[in-house]
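File shown: final36.csv. Contents: CSV, C-alpha atoms.
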chain,number,residue,atom,x,y,z
A,2,MET,CA,14.6,43.4,-106.8
A,3,THR,CA,13.1,46.8,-106.1
A,4,LEU,CA,12.6,47.5,-102.4
A,5,SER,CA,10.6,50.3,-100.9
A,6,GLN,CA,12.5,53.0,-98.9
A,7,ASP,CA,10.9,51.7,-95.7
A,8,VAL,CA,12.2,48.2,-96.3
A,9,GLN,CA,15.6,49.5,-97.3
A,10,ALA,CA,15.8,51.5,-94.1
A,11,THR,CA,14.7,48.4,-92.1
A,12,ILE,CA,17.4,46.3,-93.7
A,13,LEU,CA,20.0,48.9,-92.9
A,14,ARG,CA,18.9,49.0,-89.3
A,15,LEU,CA,18.9,45.2,-89.0
A,16,ARG,CA,22.4,45.0,-90.6
A,17,ASN,CA,23.7,47.2,-87.8
A,18,GLU,CA,21.7,45.4,-85.1
A,19,VAL,CA,22.6,41.9,-86.1
A,20,SER,CA,26.3,42.8,-86.5
A,21,ALA,CA,26.4,44.4,-83.1
A,22,LEU,CA,24.6,41.5,-81.3
A,23,HIS,CA,27.3,39.1,-82.2
A,24,ALA,CA,29.5,40.9,-79.7
A,25,GLU,CA,27.0,39.7,-77.0
A,26,LEU,CA,27.7,36.1,-78.0
A,27,THR,CA,31.5,36.6,-77.3
A,28,ARG,CA,30.9,38.8,-74.3
A,29,TYR,CA,28.9,36.0,-72.6
A,30,GLU,CA,31.3,33.3,-73.9
A,31,LEU,CA,28.6,31.4,-75.9
A,32,VAL,CA,30.7,30.8,-79.0
A,33,VAL,CA,34.2,30.0,-80.0
A,34,TRP,CA,36.1,30.8,-83.2
A,35,THR,CA,33.5,31.5,-86.0
A,36,ALA,CA,30.8,29.2,-84.6
A,37,GLY,CA,27.3,30.5,-83.9
A,38,ASN,CA,25.2,33.2,-85.4
A,39,VAL,CA,22.4,35.7,-85.1
A,40,SER,CA,19.7,36.4,-87.6
A,41,ALA,CA,16.7,38.7,-87.8
A,42,ARG,CA,13.5,38.7,-89.9
A,43,VAL,CA,12.9,41.8,-92.0
A,44,PRO,CA,9.4,42.9,-91.0
A,45,GLY,CA,7.1,43.5,-93.9
A,46,ALA,CA,9.2,41.4,-96.3
A,47,ASP,CA,10.0,37.7,-96.8
A,48,MET,CA,13.6,38.3,-96.0
A,49,MET,CA,16.2,37.9,-93.2
A,50,VAL,CA,19.6,39.3,-92.3
A,51,ILE,CA,22.2,36.8,-91.1
A,52,LYS,CA,25.9,36.4,-90.3
A,53,PRO,CA,28.2,35.4,-93.2
A,54,SER,CA,29.7,31.9,-92.9
A,55,GLY,CA,33.2,31.4,-91.4
A,56,VAL,CA,34.0,35.1,-90.8
A,57,SER,CA,35.8,36.0,-87.6
A,58,TYR,CA,33.7,37.9,-85.0
A,59,ASP,CA,36.3,40.6,-85.0
A,60,ASP,CA,35.7,41.1,-88.7
A,61,LEU,CA,31.9,41.3,-88.7
A,62,THR,CA,30.5,44.6,-89.9
A,63,PRO,CA,27.0,45.8,-90.9
A,64,ALA,CA,28.2,45.8,-94.5
A,65,ASN,CA,29.1,42.1,-94.6
A,66,MET,CA,25.9,40.8,-93.1
A,67,VAL,CA,24.0,38.8,-95.7
A,68,VAL,CA,20.4,39.4,-96.7
A,69,THR,CA,18.4,36.3,-98.0
A,70,ASP,CA,14.9,35.5,-98.8
A,71,LEU,CA,13.0,33.0,-96.5
A,72,GLU,CA,14.2,30.1,-98.7
A,73,GLY,CA,17.8,31.0,-98.0
A,74,THR,CA,18.6,32.5,-101.4
A,75,VAL,CA,21.1,35.4,-101.2
A,76,LEU,CA,19.6,38.8,-102.2
A,77,GLU,CA,22.3,41.1,-100.9
A,78,GLY,CA,25.9,40.5,-99.9
A,79,ASP,CA,29.2,39.3,-101.4
A,80,LEU,CA,29.8,36.5,-98.9
A,81,SER,CA,28.1,33.2,-98.4
A,82,PRO,CA,25.5,33.2,-95.6
A,83,SER,CA,25.8,31.0,-92.4
A,84,SER,CA,25.5,27.3,-92.9
A,85,ASP,CA,22.4,27.5,-90.6
A,86,THR,CA,20.6,29.7,-93.1
A,87,ALA,CA,18.3,27.0,-94.4
A,88,ALA,CA,17.4,26.0,-90.9
A,89,GLN,CA,16.7,29.5,-89.7
A,90,ALA,CA,14.7,30.4,-92.9
A,91,TYR,CA,12.5,27.4,-92.1
A,92,VAL,CA,11.9,28.7,-88.6
A,93,TYR,CA,10.8,32.1,-90.0
A,94,ARG,CA,8.5,30.5,-92.6
A,95,HIS,CA,6.7,28.3,-90.0
A,96,LEU,CA,6.8,30.5,-86.9
A,97,PRO,CA,5.5,33.9,-88.0
A,98,GLU,CA,5.8,35.3,-84.5
A,99,VAL,CA,9.6,34.8,-84.4
A,100,GLY,CA,11.6,37.8,-85.4
A,101,GLY,CA,15.1,36.6,-84.4
A,102,VAL,CA,17.0,33.4,-84.2
A,103,VAL,CA,20.3,32.7,-82.5
A,104,HIS,CA,22.6,29.6,-82.6
A,105,THR,CA,25.3,28.9,-80.1
A,106,HIS,CA,27.4,25.9,-78.9
A,107,SER,CA,27.6,27.3,-75.3
A,108,THR,CA,29.4,24.9,-73.1
A,109,TYR,CA,27.0,23.9,-70.4
A,110,ALA,CA,23.8,23.9,-72.5
A,111,THR,CA,25.5,21.9,-75.2
A,112,ALA,CA,26.6,19.4,-72.6
A,113,TRP,CA,22.9,18.8,-71.9
A,114,ALA,CA,22.3,18.5,-75.6
A,115,ALA,CA,25.1,15.9,-75.9
A,116,ARG,CA,23.2,13.8,-73.3
A,117,ALA,CA,19.9,14.5,-75.2
A,118,GLU,CA,18.5,15.6,-71.8
A,119,PRO,CA,16.1,18.5,-71.2
A,120,ILE,CA,17.1,21.0,-68.6
A,121,PRO,CA,14.6,20.6,-65.8
A,122,CYS,CA,12.8,23.7,-64.4
A,123,VAL,CA,14.4,24.0,-60.9
A,124,LEU,CA,15.0,27.7,-60.8
A,125,THR,CA,12.5,30.6,-60.6
A,126,MET,CA,14.5,32.5,-63.2
A,127,MET,CA,14.0,29.5,-65.5
A,128,ALA,CA,10.3,29.5,-64.9
A,129,ASP,CA,10.2,33.2,-65.6
A,130,GLU,CA,12.1,33.0,-68.9
A,131,PHE,CA,11.3,29.5,-70.2
A,132,GLY,CA,8.0,28.6,-68.7
A,133,GLY,CA,9.2,25.1,-67.9
A,134,GLU,CA,12.0,22.8,-69.0
A,135,ILE,CA,14.2,23.6,-71.9
A,136,PRO,CA,13.4,20.8,-74.4
A,137,VAL,CA,15.6,18.7,-76.6
A,138,GLY,CA,15.1,18.6,-80.3
A,139,PRO,CA,16.1,15.6,-82.6
A,140,PHE,CA,19.5,14.9,-84.1
A,141,ALA,CA,19.7,16.5,-87.5
A,142,LEU,CA,22.5,17.2,-90.0
A,143,ILE,CA,23.6,20.7,-91.0
A,144,GLY,CA,23.1,21.8,-94.6
A,145,ASP,CA,19.3,21.7,-95.3
A,146,ASP,CA,16.2,22.6,-93.3
A,147,SER,CA,16.3,19.4,-91.2
A,148,ILE,CA,17.5,21.3,-88.1
A,149,GLY,CA,14.8,23.9,-88.8
A,150,ARG,CA,12.1,21.3,-88.8
A,151,GLY,CA,13.4,19.9,-85.5
A,152,ILE,CA,13.4,23.4,-83.9
A,153,VAL,CA,9.8,24.1,-85.1
A,154,ASP,CA,8.4,20.7,-84.1
A,155,THR,CA,9.9,21.0,-80.6
A,156,LEU,CA,9.1,24.6,-79.8
A,157,ARG,CA,5.5,24.5,-81.1
A,158,ASP,CA,4.5,22.5,-78.0
A,159,SER,CA,6.7,24.4,-75.5
A,160,ASN,CA,6.8,27.8,-73.7
A,161,SER,CA,10.5,27.8,-74.1
A,162,PRO,CA,12.2,30.2,-76.5
A,163,ALA,CA,15.2,27.8,-76.6
A,164,VAL,CA,15.8,24.3,-77.7
A,165,LEU,CA,18.8,22.0,-77.2
A,166,MET,CA,19.3,20.2,-80.6
A,167,GLN,CA,20.6,16.8,-79.8
A,168,ASN,CA,24.4,16.4,-80.1
A,169,HIS,CA,24.6,19.9,-81.6
A,170,GLY,CA,23.8,23.0,-79.5
A,171,VAL,CA,21.4,25.7,-78.7
A,172,PHE,CA,18.9,27.5,-80.9
A,173,ALA,CA,16.9,30.3,-79.4
A,174,VAL,CA,14.1,32.4,-80.8
A,175,GLY,CA,12.5,35.7,-79.9
A,176,LYS,CA,10.2,38.5,-81.1
A,177,ASP,CA,13.4,40.1,-82.4
A,178,ALA,CA,17.1,39.3,-82.6
A,179,ARG,CA,17.9,40.9,-79.2
A,180,SER,CA,15.2,38.8,-77.4
A,181,ALA,CA,16.6,35.7,-79.0
A,182,VAL,CA,20.1,36.6,-77.8
A,183,LYS,CA,18.8,37.1,-74.3
A,184,ALA,CA,17.2,33.6,-74.4
A,185,ALA,CA,20.5,32.1,-75.5
A,186,VAL,CA,22.3,33.9,-72.7
A,187,MET,CA,19.8,32.8,-70.1
A,188,CYS,CA,19.8,29.2,-71.4
A,189,GLU,CA,23.5,28.9,-70.8
A,190,ASP,CA,23.1,30.5,-67.3
A,191,VAL,CA,20.5,28.0,-66.1
A,192,ALA,CA,22.2,25.1,-67.8
A,193,ARG,CA,25.4,25.9,-65.8
A,194,THR,CA,23.6,26.4,-62.5
A,195,THR,CA,21.5,23.3,-62.8
A,196,HIS,CA,24.6,21.3,-63.7
A,197,ILE,CA,26.4,22.6,-60.5
A,198,ALA,CA,23.3,21.8,-58.4
A,199,ARG,CA,23.4,18.2,-59.6
A,200,GLN,CA,26.9,17.9,-58.4
A,201,LEU,CA,25.6,18.6,-54.9
A,202,GLY,CA,22.5,16.4,-55.0
A,203,GLU,CA,19.2,16.1,-56.9
A,204,PRO,CA,17.7,19.6,-57.7
A,205,VAL,CA,14.2,20.2,-56.4
A,206,PRO,CA,11.7,20.7,-59.3
A,207,ILE,CA,9.3,23.7,-59.1
A,208,PRO,CA,5.6,22.5,-59.1
A,209,PRO,CA,3.8,23.1,-62.5
A,210,ASP,CA,1.3,25.5,-61.0
A,211,LYS,CA,4.0,27.7,-59.5
A,212,ILE,CA,5.9,27.6,-62.9
A,213,ALA,CA,2.7,28.8,-64.6
A,214,SER,CA,2.3,31.6,-62.1
A,215,LEU,CA,5.9,32.8,-62.4
A,216,PHE,CA,5.9,32.6,-66.2
A,217,ASP,CA,2.7,34.7,-66.4
A,218,ARG,CA,4.0,37.3,-64.0
A,219,TYR,CA,7.3,37.7,-65.8
A,220,GLN,CA,5.9,37.7,-69.3
A,221,ASN,CA,3.0,40.0,-68.5
A,222,ALA,CA,3.7,42.2,-65.5
A,223,TYR,CA,7.4,42.4,-64.9
A,224,GLY,CA,9.5,45.5,-65.8
A,225,GLN,CA,8.5,48.8,-67.3
Rendering of file as C-alpha cells:
Amino acid sequence: MTLSQDVQATILRLRNEVSALHAELTRYELVVWTAGNVSARVPGADMMVIKPSGVSYDDLTPANMVVTDLEGTVLEGDLSPSSDTAAQAYVYRHLPEVGGVVHTHSTYATAWAARAEPIPCVLTMMADEFGGEIPVGPFALIGDDSIGRGIVDTLRDSNSPAVLMQNHGVFAVGKDARSAVKAAVMCEDVARTTHIARQLGEPVPIPPDKIASLFDRYQNAYGQ
C-alpha cells in the first residue's frame, strides 16, 4: 500500500501518542498485567493504530504499535494486534465522530458492569463529563465485532463517552485517543465515588434539567 507523506506523518505521530497514552492507564490504575488498550483512528484514511496483543506495558514502544484497516486487517507491524481490534474497528466504522477508543477493566467501574447496573448520575462532575448515567451494554464474547456492535448500539442513544459492557469492563470513546483515555479515567473515578456513597446511604440523583445544564456548560463553555 502506497501512503501519502501526510498520512505517513500522521501514523508516526499516532504511534507515539498511542504508545505514550498507555502509561496513563497504569498511572491511574485502570489495568493490570497486559489487559486493556488504547487505539486511535488515522484521520483521512480508513486505518487505526492499536496496542499489540499480550505485550507488557513496560515493553510498549511507538515501533511496536500495530496499524490495521477498519476491518482489523494488519497493514503495518510485526506483532498481532489487540484481541479487541475487531470491536474497535467496528466502532470506528459506525461512529465517524470517534477518533479514539480505550478499553479497561478498572476495578470499580467493572464491578458495576459485573452487576449489569448503570452508574447513576449523582455527581456534578459526572453530569459534566457524561451528560447522565453511564450505561450498560450487552454481554458479548471477545474475538469478533460483537462487542463493537454492543458499544455502538448503546452509545448511539447516550451522551456518555463510556459504556460498561456487561460482565466485561469499560469501553470509552472520544474525539481523539487522549479524550477517550480521559473518559476512562473519569469513569473509574465516578464509579468509585458512587460506590462509596452507596455504602453510606442512597445517593441523591441530580434532576434531568440540571444535568442538561451542567453538561452544556462543561461541553461548550468550560476551559480555555
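When all atoms listed in the file are used to measure the gap to Ala24 (chain A), the shortest distance among A:Tyr109, A:Met49, A:Lys211, A:Val182 belongs to A:Val182.
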Exercise for the section: Please tell me which residues are no farther than 8 Å from (19.2, 18.7, -81.6) in the file, counting only C-alpha atoms, and write them as a ChimeraX atom specification. Expected result: /A:114,117,137-141,148,151-152,164-171
Exercise for the section: For each of A:Gly224, A:Gly78, A:Pro97, A:Pro206, take the minimum atom-to-atom distance to Ala46 (chain A), counting only C-alpha atoms, then give the residue where this is smallest. Expected result: A:Pro97
Exercise for the section: Kindly indicate which residue among A:Gln220, A:Ser20, A:Thr3, A:Ser214 lies nearest to Arg179 (chain A), using all atoms listed in the file for the distances. Expected result: A:Ser20
Considering all atoms listed in the file, give me a table of residues in region 44-162 of chain A that are at most 12 Å from region 31-40 of chain A, with the closest atom pair and distance in Å for each, as a Markdown table.
| residue | atom | partner | partner_atom | distance |
| --- | --- | --- | --- | --- |
| A:Met48 | CA | A:Ser40 | CA | 10.6 |
| A:Met49 | CA | A:Ser40 | CA | 6.8 |
| A:Val50 | CA | A:Ser40 | CA | 5.5 |
| A:Ile51 | CA | A:Ser40 | CA | 4.3 |
| A:Lys52 | CA | A:Asn38 | CA | 5.9 |
| A:Pro53 | CA | A:Asn38 | CA | 8.6 |
| A:Ser54 | CA | A:Thr35 | CA | 7.9 |
| A:Gly55 | CA | A:Thr35 | CA | 5.4 |
| A:Val56 | CA | A:Thr35 | CA | 6.0 |
| A:Ser57 | CA | A:Thr35 | CA | 5.3 |
| A:Tyr58 | CA | A:Thr35 | CA | 6.5 |
| A:Asp59 | CA | A:Thr35 | CA | 9.6 |
| A:Asp60 | CA | A:Thr35 | CA | 10.2 |
| A:Leu61 | CA | A:Thr35 | CA | 10.3 |
| A:Met66 | CA | A:Ser40 | CA | 9.4 |
| A:Val67 | CA | A:Ser40 | CA | 9.5 |
| A:Val68 | CA | A:Ser40 | CA | 9.6 |
| A:Thr69 | CA | A:Ser40 | CA | 10.5 |
| A:Leu71 | CA | A:Ser40 | CA | 11.6 |
| A:Gly73 | CA | A:Ser40 | CA | 11.9 |
| A:Pro82 | CA | A:Asn38 | CA | 10.2 |
| A:Ser83 | CA | A:Asn38 | CA | 7.4 |
| A:Ser84 | CA | A:Asn38 | CA | 9.5 |
| A:Asp85 | CA | A:Asn38 | CA | 8.2 |
| A:Thr86 | CA | A:Ser40 | CA | 8.7 |
| A:Ala87 | CA | A:Ser40 | CA | 11.7 |
| A:Ala88 | CA | A:Ser40 | CA | 11.2 |
| A:Gln89 | CA | A:Ser40 | CA | 7.8 |
| A:Ala90 | CA | A:Ser40 | CA | 9.4 |
| A:Val92 | CA | A:Ser40 | CA | 11.0 |
| A:Tyr93 | CA | A:Ser40 | CA | 10.2 |
| A:Val99 | CA | A:Ser40 | CA | 10.7 |
| A:Gly100 | CA | A:Ser40 | CA | 8.5 |
| A:Gly101 | CA | A:Ser40 | CA | 5.6 |
| A:Val102 | CA | A:Ser40 | CA | 5.3 |
| A:Val103 | CA | A:Val39 | CA | 4.5 |
| A:His104 | CA | A:Gly37 | CA | 5.0 |
| A:Thr105 | CA | A:Gly37 | CA | 4.6 |
| A:His106 | CA | A:Val32 | CA | 5.9 |
| A:Ser107 | CA | A:Leu31 | CA | 4.3 |
| A:Thr108 | CA | A:Leu31 | CA | 7.1 |
| A:Tyr109 | CA | A:Leu31 | CA | 9.4 |
| A:Ala110 | CA | A:Leu31 | CA | 9.5 |
| A:Thr111 | CA | A:Leu31 | CA | 10.0 |
Problem - Nearby residues (only C-alpha atoms) at most 7 Å from Arg150 (chain A), same-chain spacing under 4 positions excluded, as a list of chain:residue names - result: A:Tyr91, A:Asp146, A:Asp154
Keeping only C-alpha atoms, take the residues you just selected and write them out as an mmCIF file, in the coordinates of the input.
data_model
loop_
_atom_site.group_PDB
_atom_site.id
_atom_site.type_symbol
_atom_site.label_atom_id
_atom_site.label_comp_id
_atom_site.auth_asym_id
_atom_site.auth_seq_id
_atom_site.Cartn_x
_atom_site.Cartn_y
_atom_site.Cartn_z
ATOM 1 C CA TYR A 91 12.500 27.400 -92.100
ATOM 2 C CA ASP A 146 16.200 22.600 -93.300
ATOM 3 C CA ASP A 154 8.400 20.700 -84.100
#
Practice task
Pull the neighbourhood of (11.6, 32.4, -63.9) for me: all residues within 10 Å in file coordinates, counting all atoms listed in the file, as a PyMOL selection string.
Solution key: chain A and resi 122-133+211-220
Those same residues - C-alpha atoms - I'd like them written as a PDB file, in the coordinates of the input.
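Below is the file that was written, part26.pdb:
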ATOM      1  CA  CYS A 122      12.800  23.700 -64.400  1.00  0.00           C
ATOM      2  CA  VAL A 123      14.400  24.000 -60.900  1.00  0.00           C
ATOM      3  CA  LEU A 124      15.000  27.700 -60.800  1.00  0.00           C
ATOM      4  CA  THR A 125      12.500  30.600 -60.600  1.00  0.00           C
ATOM      5  CA  MET A 126      14.500  32.500 -63.200  1.00  0.00           C
ATOM      6  CA  MET A 127      14.000  29.500 -65.500  1.00  0.00           C
ATOM      7  CA  ALA A 128      10.300  29.500 -64.900  1.00  0.00           C
ATOM      8  CA  ASP A 129      10.200  33.200 -65.600  1.00  0.00           C
ATOM      9  CA  GLU A 130      12.100  33.000 -68.900  1.00  0.00           C
ATOM     10  CA  PHE A 131      11.300  29.500 -70.200  1.00  0.00           C
ATOM     11  CA  GLY A 132       8.000  28.600 -68.700  1.00  0.00           C
ATOM     12  CA  GLY A 133       9.200  25.100 -67.900  1.00  0.00           C
ATOM     13  CA  LYS A 211       4.000  27.700 -59.500  1.00  0.00           C
ATOM     14  CA  ILE A 212       5.900  27.600 -62.900  1.00  0.00           C
ATOM     15  CA  ALA A 213       2.700  28.800 -64.600  1.00  0.00           C
ATOM     16  CA  SER A 214       2.300  31.600 -62.100  1.00  0.00           C
ATOM     17  CA  LEU A 215       5.900  32.800 -62.400  1.00  0.00           C
ATOM     18  CA  PHE A 216       5.900  32.600 -66.200  1.00  0.00           C
ATOM     19  CA  ASP A 217       2.700  34.700 -66.400  1.00  0.00           C
ATOM     20  CA  ARG A 218       4.000  37.300 -64.000  1.00  0.00           C
ATOM     21  CA  TYR A 219       7.300  37.700 -65.800  1.00  0.00           C
ATOM     22  CA  GLN A 220       5.900  37.700 -69.300  1.00  0.00           C
TER      23      GLN A 220
END
Fill in the blank from the handout: Using only C-alpha atoms, the shortest atom-to-atom distance to Thr62 (chain A) among A:Val43, A:Val153, A:Leu22, A:Leu96 belongs to A:Leu22
Handout entry: Distance of CA of Trp113 (chain A) from CA of Thr195 (chain A), expressed in Å to one decimal place
Key = 10.2 Å
